[in-house]
file input29.txt (compact mmCIF, C-alpha atoms)
# COMPACT_ATOMS: atom_id res chain seq x y z
CA MET A 1 130.94 97.98 89.01
CA LYS A 2 129.54 98.73 92.44
CA THR A 3 127.31 96.27 94.22
CA LEU A 4 123.96 97.31 95.60
CA ASN A 5 122.91 95.04 98.46
CA ILE A 6 119.22 95.09 99.30
CA ASP A 7 117.74 93.25 102.25
CA THR A 8 114.88 91.33 100.65
CA GLY A 9 114.19 89.24 103.73
CA VAL A 10 115.09 86.03 101.91
CA GLU A 11 116.10 83.26 104.28
CA GLU A 12 117.55 79.84 103.57
CA PHE A 13 116.19 76.61 105.00
CA SER A 14 117.93 73.25 104.70
CA VAL A 15 115.46 70.59 103.58
CA ASN A 16 116.26 67.24 105.19
CA GLY A 17 119.90 68.27 105.37
CA ARG A 18 120.25 68.17 101.58
CA GLY A 19 118.63 70.90 99.46
CA VAL A 20 118.21 74.58 100.32
CA LEU A 21 114.84 76.31 100.10
CA ARG A 22 115.11 80.10 99.75
CA PHE A 23 112.22 82.51 100.32
CA ASN A 24 111.10 85.49 102.38
CA PRO A 25 108.80 84.17 105.13
CA GLY A 26 107.42 87.70 105.63
CA ASP A 27 106.42 88.22 101.99
CA PRO A 28 102.64 88.83 102.07
CA ASN A 29 102.25 87.67 98.46
CA LEU A 30 103.94 84.36 99.22
CA TYR A 31 101.90 83.97 102.41
CA HIS A 32 98.60 84.35 100.56
CA ARG A 33 99.65 82.04 97.72
CA PHE A 34 100.80 79.40 100.20
CA PHE A 35 97.59 79.38 102.23
CA ALA A 36 95.48 79.35 99.06
CA LEU A 37 97.30 76.15 98.15
CA GLY A 38 95.02 74.21 100.52
CA ARG A 39 92.04 74.88 98.27
CA ASP A 40 94.00 73.83 95.18
CA LEU A 41 95.22 70.65 96.87
CA ALA A 42 91.71 69.74 97.96
CA ALA A 43 90.56 70.04 94.34
CA LEU A 44 93.51 67.94 93.13
CA ASP A 45 92.83 65.33 95.84
CA GLY A 46 89.20 65.04 94.76
CA GLU A 47 90.19 64.73 91.13
CA LEU A 48 92.80 62.09 91.95
CA GLU A 49 90.35 60.05 94.04
CA GLN A 50 87.80 60.09 91.22
CA LYS A 51 90.38 59.02 88.66
CA LEU A 52 91.69 56.25 90.90
CA ALA A 53 88.17 54.98 91.59
CA ALA A 54 87.39 54.97 87.87
CA LEU A 55 90.40 52.84 86.92
CA PRO A 56 89.37 49.60 85.21
CA GLY A 57 90.37 46.23 86.56
CA ALA A 58 90.43 44.58 89.94
CA GLU A 59 92.45 45.74 92.94
CA GLY A 60 95.96 44.33 92.66
CA ASP A 61 95.68 43.90 88.89
CA GLU A 62 99.05 44.76 87.31
CA THR A 63 97.52 47.05 84.67
CA ARG A 64 95.42 48.87 87.27
CA THR A 65 98.44 49.26 89.55
CA ALA A 66 100.51 50.72 86.70
CA ALA A 67 97.71 53.17 85.84
CA ALA A 68 97.38 54.18 89.51
CA LEU A 69 101.13 54.80 89.76
CA ALA A 70 100.98 56.94 86.61
CA LEU A 71 98.17 58.99 88.14
CA LEU A 72 100.21 59.47 91.34
CA ALA A 73 103.21 60.61 89.29
CA GLU A 74 101.00 63.14 87.46
CA TYR A 75 99.58 64.35 90.79
CA ASP A 76 103.12 64.73 92.16
CA GLY A 77 104.14 66.84 89.16
CA ARG A 78 101.09 69.07 89.48
CA ILE A 79 101.68 69.69 93.21
CA LYS A 80 105.35 70.45 92.63
CA GLY A 81 104.30 72.84 89.87
CA LEU A 82 102.00 74.64 92.32
CA LEU A 83 104.81 74.82 94.90
CA ASN A 84 107.25 76.17 92.31
CA GLY A 85 104.64 78.81 91.45
CA ILE A 86 104.43 79.84 95.10
CA PHE A 87 108.11 79.78 96.01
CA GLY A 88 109.60 80.57 92.59
CA PRO A 89 111.31 78.42 89.99
CA GLU A 90 114.66 78.71 91.78
CA ASN A 91 113.15 76.41 94.43
CA ASP A 92 112.74 73.18 92.48
CA PHE A 93 110.80 70.92 94.84
CA ASN A 94 111.63 67.82 92.84
CA THR A 95 115.32 68.50 93.49
CA LEU A 96 114.77 69.68 97.08
CA LEU A 97 112.89 66.50 97.95
CA GLU A 98 115.21 64.29 95.88
CA GLY A 99 112.44 63.09 93.59
CA VAL A 100 110.20 61.87 96.40
CA ASN A 101 106.57 61.72 95.25
CA LEU A 102 104.46 64.14 97.30
CA ALA A 103 101.54 61.72 97.13
CA GLY A 104 103.69 59.16 98.92
CA VAL A 105 103.28 58.43 102.61
CA GLY A 106 105.93 59.32 105.17
CA ALA A 107 106.96 57.19 108.13
CA ASN A 108 104.39 59.08 110.24
CA GLY A 109 101.53 57.83 108.03
CA LYS A 110 100.82 61.26 106.51
CA ARG A 111 101.27 62.08 102.86
CA VAL A 112 104.59 63.78 102.12
CA VAL A 113 102.80 66.90 100.85
CA GLN A 114 101.03 67.22 104.22
CA ASN A 115 104.34 66.88 106.06
CA LEU A 116 105.82 69.58 103.81
CA LEU A 117 102.93 71.98 104.40
CA GLU A 118 103.04 71.40 108.15
CA ALA A 119 106.78 72.16 108.17
CA LEU A 120 106.39 75.36 106.12
CA ALA A 121 103.26 76.82 107.76
CA PRO A 122 104.91 77.92 111.04
CA LEU A 123 107.73 79.64 109.10
CA LEU A 124 105.24 81.63 107.05
CA GLU A 125 103.06 82.43 110.06
CA ALA A 126 106.11 83.74 111.97
CA GLY A 127 107.10 85.79 108.92
CA ALA A 128 103.60 87.26 108.69
CA ARG A 129 103.75 88.17 112.39
CA ARG A 130 107.10 89.93 111.85
CA GLN A 131 105.61 91.79 108.89
CA ALA A 132 102.57 92.89 110.91
CA GLU A 133 104.74 93.97 113.85
CA ALA A 134 107.00 96.00 111.55
CA LEU A 135 103.96 97.73 110.06
CA ALA A 136 102.55 98.43 113.51
CA ASP A 137 105.89 99.80 114.75
CA ALA A 138 106.11 102.08 111.70
CA ALA A 139 102.57 103.33 112.29
CA VAL A 140 103.36 104.09 115.95
CA ALA A 141 106.54 105.92 114.93
CA ASP A 142 104.61 107.96 112.36
CA ALA A 143 101.94 108.81 114.93
CA ASP A 144 104.58 109.82 117.48
CA ALA A 145 106.33 112.01 114.90
CA ALA A 146 103.06 113.67 113.90
CA ARG A 147 102.18 114.27 117.56
CA ALA A 148 105.62 115.76 118.21
CA ALA A 149 105.27 118.03 115.16
CA ARG A 150 101.90 119.31 116.37
CA CYS A 151 103.27 120.03 119.83
CA SER A 152 106.39 121.88 118.60
CA PRO A 153 106.22 125.69 118.53

call {"tool": "encode", "arguments": {"input": "input29.txt", "output": "structure tokens"}}
result
Amino acid sequence: MKTLNIDTGVEEFSVNGRGVLRFNPGDPNLYHRFFALGRDLAALDGELEQKLAALPGAEGDETRTAAALALLAEYDGRIKGLLNGIFGPENDFNTLLEGVNLAGVGANGKRVVQNLLEALAPLLEAGARRQAEALADAAVADADAARAARCSP
């Protein structure tokens, strides 16, 4: 059997020196899904805040704390599901992040999901720039070829 190698633009990124995230940073479909994630996360955040505020019991109550932790675990699973939908099931974010809850807070005081998005955004923006430049270069080449064809006897 012969092998057909196709450049799909997929790149590999080491996540915290452990897991490997694979995707094409210049894929327009991925770019749009990723940046639409902000809207979905805002809706999930609002839903989570409402559910947390509606929990019965006093702050620090063991039952309330357990219920809050369960809500955070559900939130984590939903965000990871959204990320898997964007980057594909081969990129299991639970494995990549070693089970860290995305609702958790990093050492910098930001939620882990925010740190993740801030790390990924520049990669996708650079990929989109490369995609736009490639399209522009192709358009210039086509225009040059058409101009040359018109000028030829």

call {"tool": "residues_around", "arguments": {"input": "input29.txt", "residues": "Gly38 of chain A", "least_positions_apart": "5", "cutoff": "10 Å", "atoms": "all atoms listed in the file", "output": "JSON, numbers by chain"}}
result
{"A": [33, 43, 44, 114, 117]}

call {"tool": "atom_distance", "arguments": {"input": "input29.txt", "atom1": "atom CA of Ile86 of chain A", "atom2": "atom CA of Phe34 of chain A"}}
result
6.3 Å

call {"tool": "closest_residue", "arguments": {"input": "input29.txt", "among": "A:Phe13, A:Lys2, A:Ala68, A:Arg147", "to": "Leu96 of chain A", "atoms": "all atoms listed in the file"}}
result
A:Phe13

call {"tool": "closest_residue", "arguments": {"input": "input29.txt", "among": "A:Asp40, A:Ala58, A:Glu118, A:Leu30", "to": "Leu82 of chain A", "atoms": "only C-alpha atoms"}}
result
A:Asp40

call {"tool": "residues_around", "arguments": {"input": "input29.txt", "residues": "Arg130 of chain A", "least_positions_apart": "6", "cutoff": "10 Å", "atoms": "only C-alpha atoms", "output": "ChimeraX atom specification"}}
result
/A:25-26,124,136

call {"tool": "closest_residue", "arguments": {"input": "input29.txt", "among": "A:Tyr75, A:Pro28, A:Ala149, A:Val20", "to": "Glu47 of chain A", "atoms": "all atoms listed in the file"}}
result
A:Tyr75

call {"tool": "closest_residue", "arguments": {"input": "input29.txt", "among": "A:Thr8, A:Asn94, A:Glu49, A:Ala128", "to": "Gly81 of chain A", "atoms": "all atoms listed in the file"}}
result
A:Asn94

call {"tool": "atom_distance", "arguments": {"input": "input29.txt", "atom1": "atom CA of Asn91 of chain A", "atom2": "atom CA of Gly19 of chain A"}}
result
9.3 Å

call {"tool": "residues_around", "arguments": {"input": "input29.txt", "residues": "Ile79 of chain A", "least_positions_apart": "4", "cutoff": "8 Å", "atoms": "all atoms listed in the file", "output": "list in words"}}
result
Leu41, Tyr75, Leu83 and Leu102 of chain A

call {"tool": "atom_distance", "arguments": {"input": "input29.txt", "atom1": "atom CA of Val10 of chain A", "atom2": "atom CA of Asp142 of chain A"}}
result
26.5 Å

call {"tool": "closest_residue", "arguments": {"input": "input29.txt", "among": "A:Thr95, A:Gln50, A:Asn101, A:Asn108", "to": "Leu72 of chain A", "atoms": "only C-alpha atoms"}}
result
A:Asn101

call {"tool": "closest_residue", "arguments": {"input": "input29.txt", "among": "A:Glu74, A:Asp137, A:Asp45, A:Glu98", "to": "Asn16 of chain A", "atoms": "all atoms listed in the file"}}
result
A:Glu98

call {"tool": "decode", "arguments": {"input": "input29.txt", "residues": "segment 14-28 of chain A", "atoms": "all heavy atoms", "output": "mmCIF file, in the first residue's frame"}}
result
data_model
loop_
_atom_site.group_PDB
_atom_site.id
_atom_site.type_symbol
_atom_site.label_atom_id
_atom_site.label_comp_id
_atom_site.auth_asym_id
_atom_site.auth_seq_id
_atom_site.Cartn_x
_atom_site.Cartn_y
_atom_site.Cartn_z
ATOM 1 N N SER A 14 2.699 21.266 23.079
ATOM 2 C CA SER A 14 2.824 20.613 24.377
ATOM 3 C C SER A 14 2.067 21.453 25.411
ATOM 4 O O SER A 14 2.256 22.670 25.490
ATOM 5 C CB SER A 14 4.304 20.509 24.761
ATOM 6 O OG SER A 14 4.427 19.997 26.061
ATOM 7 N N VAL A 15 1.216 20.813 26.172
ATOM 8 C CA VAL A 15 0.436 21.502 27.200
ATOM 9 C C VAL A 15 1.084 21.226 28.552
ATOM 10 O O VAL A 15 1.081 20.095 29.028
ATOM 11 C CB VAL A 15 -1.037 21.036 27.189
ATOM 12 C CG1 VAL A 15 -1.823 21.723 28.300
ATOM 13 C CG2 VAL A 15 -1.661 21.297 25.833
ATOM 14 N N ASN A 16 1.664 22.264 29.127
ATOM 15 C CA ASN A 16 2.340 22.175 30.424
ATOM 16 C C ASN A 16 3.391 21.066 30.450
ATOM 17 O O ASN A 16 3.627 20.458 31.488
ATOM 18 C CB ASN A 16 1.324 21.984 31.554
ATOM 19 C CG ASN A 16 0.452 23.201 31.744
ATOM 20 O OD1 ASN A 16 0.805 24.305 31.347
ATOM 21 N ND2 ASN A 16 -0.702 23.009 32.332
ATOM 22 N N GLY A 17 3.999 20.806 29.301
ATOM 23 C CA GLY A 17 5.052 19.809 29.231
ATOM 24 C C GLY A 17 4.571 18.375 29.392
ATOM 25 O O GLY A 17 5.377 17.477 29.596
ATOM 26 N N ARG A 18 3.270 18.150 29.281
ATOM 27 C CA ARG A 18 2.740 16.806 29.515
ATOM 28 C C ARG A 18 1.963 16.295 28.310
ATOM 29 O O ARG A 18 2.443 15.436 27.596
ATOM 30 C CB ARG A 18 1.884 16.805 30.765
ATOM 31 C CG ARG A 18 2.726 17.102 32.005
ATOM 32 C CD ARG A 18 1.911 16.948 33.262
ATOM 33 N NE ARG A 18 2.743 17.166 34.435
ATOM 34 C CZ ARG A 18 2.856 18.316 35.051
ATOM 35 N NH1 ARG A 18 2.197 19.355 34.652
ATOM 36 N NH2 ARG A 18 3.630 18.421 36.112
ATOM 37 N N GLY A 19 0.763 16.797 28.083
ATOM 38 C CA GLY A 19 -0.069 16.331 26.977
ATOM 39 C C GLY A 19 0.240 17.093 25.695
ATOM 40 O O GLY A 19 0.904 18.125 25.709
ATOM 41 N N VAL A 20 -0.255 16.564 24.574
ATOM 42 C CA VAL A 20 -0.036 17.203 23.278
ATOM 43 C C VAL A 20 -1.390 17.544 22.667
ATOM 44 O O VAL A 20 -2.247 16.670 22.491
ATOM 45 C CB VAL A 20 0.765 16.282 22.329
ATOM 46 C CG1 VAL A 20 0.922 16.944 20.965
ATOM 47 C CG2 VAL A 20 2.134 15.969 22.918
ATOM 48 N N LEU A 21 -1.570 18.821 22.361
ATOM 49 C CA LEU A 21 -2.767 19.322 21.698
ATOM 50 C C LEU A 21 -2.445 19.439 20.216
ATOM 51 O O LEU A 21 -1.439 20.044 19.841
ATOM 52 C CB LEU A 21 -3.150 20.692 22.289
ATOM 53 C CG LEU A 21 -4.334 21.421 21.672
ATOM 54 C CD1 LEU A 21 -5.620 20.611 21.844
ATOM 55 C CD2 LEU A 21 -4.489 22.796 22.313
ATOM 56 N N ARG A 22 -3.283 18.837 19.365
ATOM 57 C CA ARG A 22 -3.060 18.842 17.923
ATOM 58 C C ARG A 22 -4.231 19.521 17.224
ATOM 59 O O ARG A 22 -5.377 19.119 17.409
ATOM 60 C CB ARG A 22 -2.935 17.406 17.412
ATOM 61 C CG ARG A 22 -1.714 16.697 17.890
ATOM 62 C CD ARG A 22 -1.728 15.206 17.480
ATOM 63 N NE ARG A 22 -0.545 14.530 17.957
ATOM 64 C CZ ARG A 22 -0.436 13.989 19.167
ATOM 65 N NH1 ARG A 22 -1.434 14.035 19.999
ATOM 66 N NH2 ARG A 22 0.689 13.399 19.539
ATOM 67 N N PHE A 23 -3.911 20.542 16.411
ATOM 68 C CA PHE A 23 -4.937 21.208 15.614
ATOM 69 C C PHE A 23 -4.261 22.085 14.566
ATOM 70 O O PHE A 23 -3.065 22.332 14.631
ATOM 71 C CB PHE A 23 -5.889 22.031 16.485
ATOM 72 C CG PHE A 23 -5.257 23.214 17.179
ATOM 73 C CD1 PHE A 23 -5.326 24.476 16.623
ATOM 74 C CD2 PHE A 23 -4.612 23.062 18.394
ATOM 75 C CE1 PHE A 23 -4.745 25.574 17.256
ATOM 76 C CE2 PHE A 23 -4.037 24.144 19.031
ATOM 77 C CZ PHE A 23 -4.101 25.402 18.464
ATOM 78 N N ASN A 24 -5.042 22.534 13.605
ATOM 79 C CA ASN A 24 -4.554 23.441 12.575
ATOM 80 C C ASN A 24 -4.928 24.865 12.979
ATOM 81 O O ASN A 24 -6.104 25.244 12.896
ATOM 82 C CB ASN A 24 -5.177 23.095 11.218
ATOM 83 C CG ASN A 24 -4.775 24.050 10.118
ATOM 84 O OD1 ASN A 24 -4.186 25.082 10.366
ATOM 85 N ND2 ASN A 24 -5.101 23.706 8.895
ATOM 86 N N PRO A 25 -3.965 25.669 13.410
ATOM 87 C CA PRO A 25 -4.276 27.033 13.840
ATOM 88 C C PRO A 25 -4.855 27.906 12.723
ATOM 89 O O PRO A 25 -5.476 28.923 13.006
ATOM 90 C CB PRO A 25 -2.922 27.600 14.293
ATOM 91 C CG PRO A 25 -2.049 26.427 14.498
ATOM 92 C CD PRO A 25 -2.548 25.349 13.583
ATOM 93 N N GLY A 26 -4.660 27.516 11.471
ATOM 94 C CA GLY A 26 -5.181 28.303 10.352
ATOM 95 C C GLY A 26 -6.515 27.815 9.834
ATOM 96 O O GLY A 26 -7.006 28.316 8.822
ATOM 97 N N ASP A 27 -7.132 26.859 10.512
ATOM 98 C CA ASP A 27 -8.423 26.320 10.065
ATOM 99 C C ASP A 27 -9.520 27.339 10.387
ATOM 100 O O ASP A 27 -9.809 27.595 11.555
ATOM 101 C CB ASP A 27 -8.684 24.995 10.786
ATOM 102 C CG ASP A 27 -10.007 24.348 10.392
ATOM 103 O OD1 ASP A 27 -10.878 25.024 9.816
ATOM 104 O OD2 ASP A 27 -10.163 23.150 10.676
ATOM 105 N N PRO A 28 -10.135 27.923 9.353
ATOM 106 C CA PRO A 28 -11.167 28.947 9.606
ATOM 107 C C PRO A 28 -12.344 28.414 10.418
ATOM 108 O O PRO A 28 -12.909 29.139 11.223
ATOM 109 C CB PRO A 28 -11.625 29.367 8.207
ATOM 110 C CG PRO A 28 -10.579 28.902 7.276
ATOM 111 C CD PRO A 28 -9.897 27.727 7.920
#
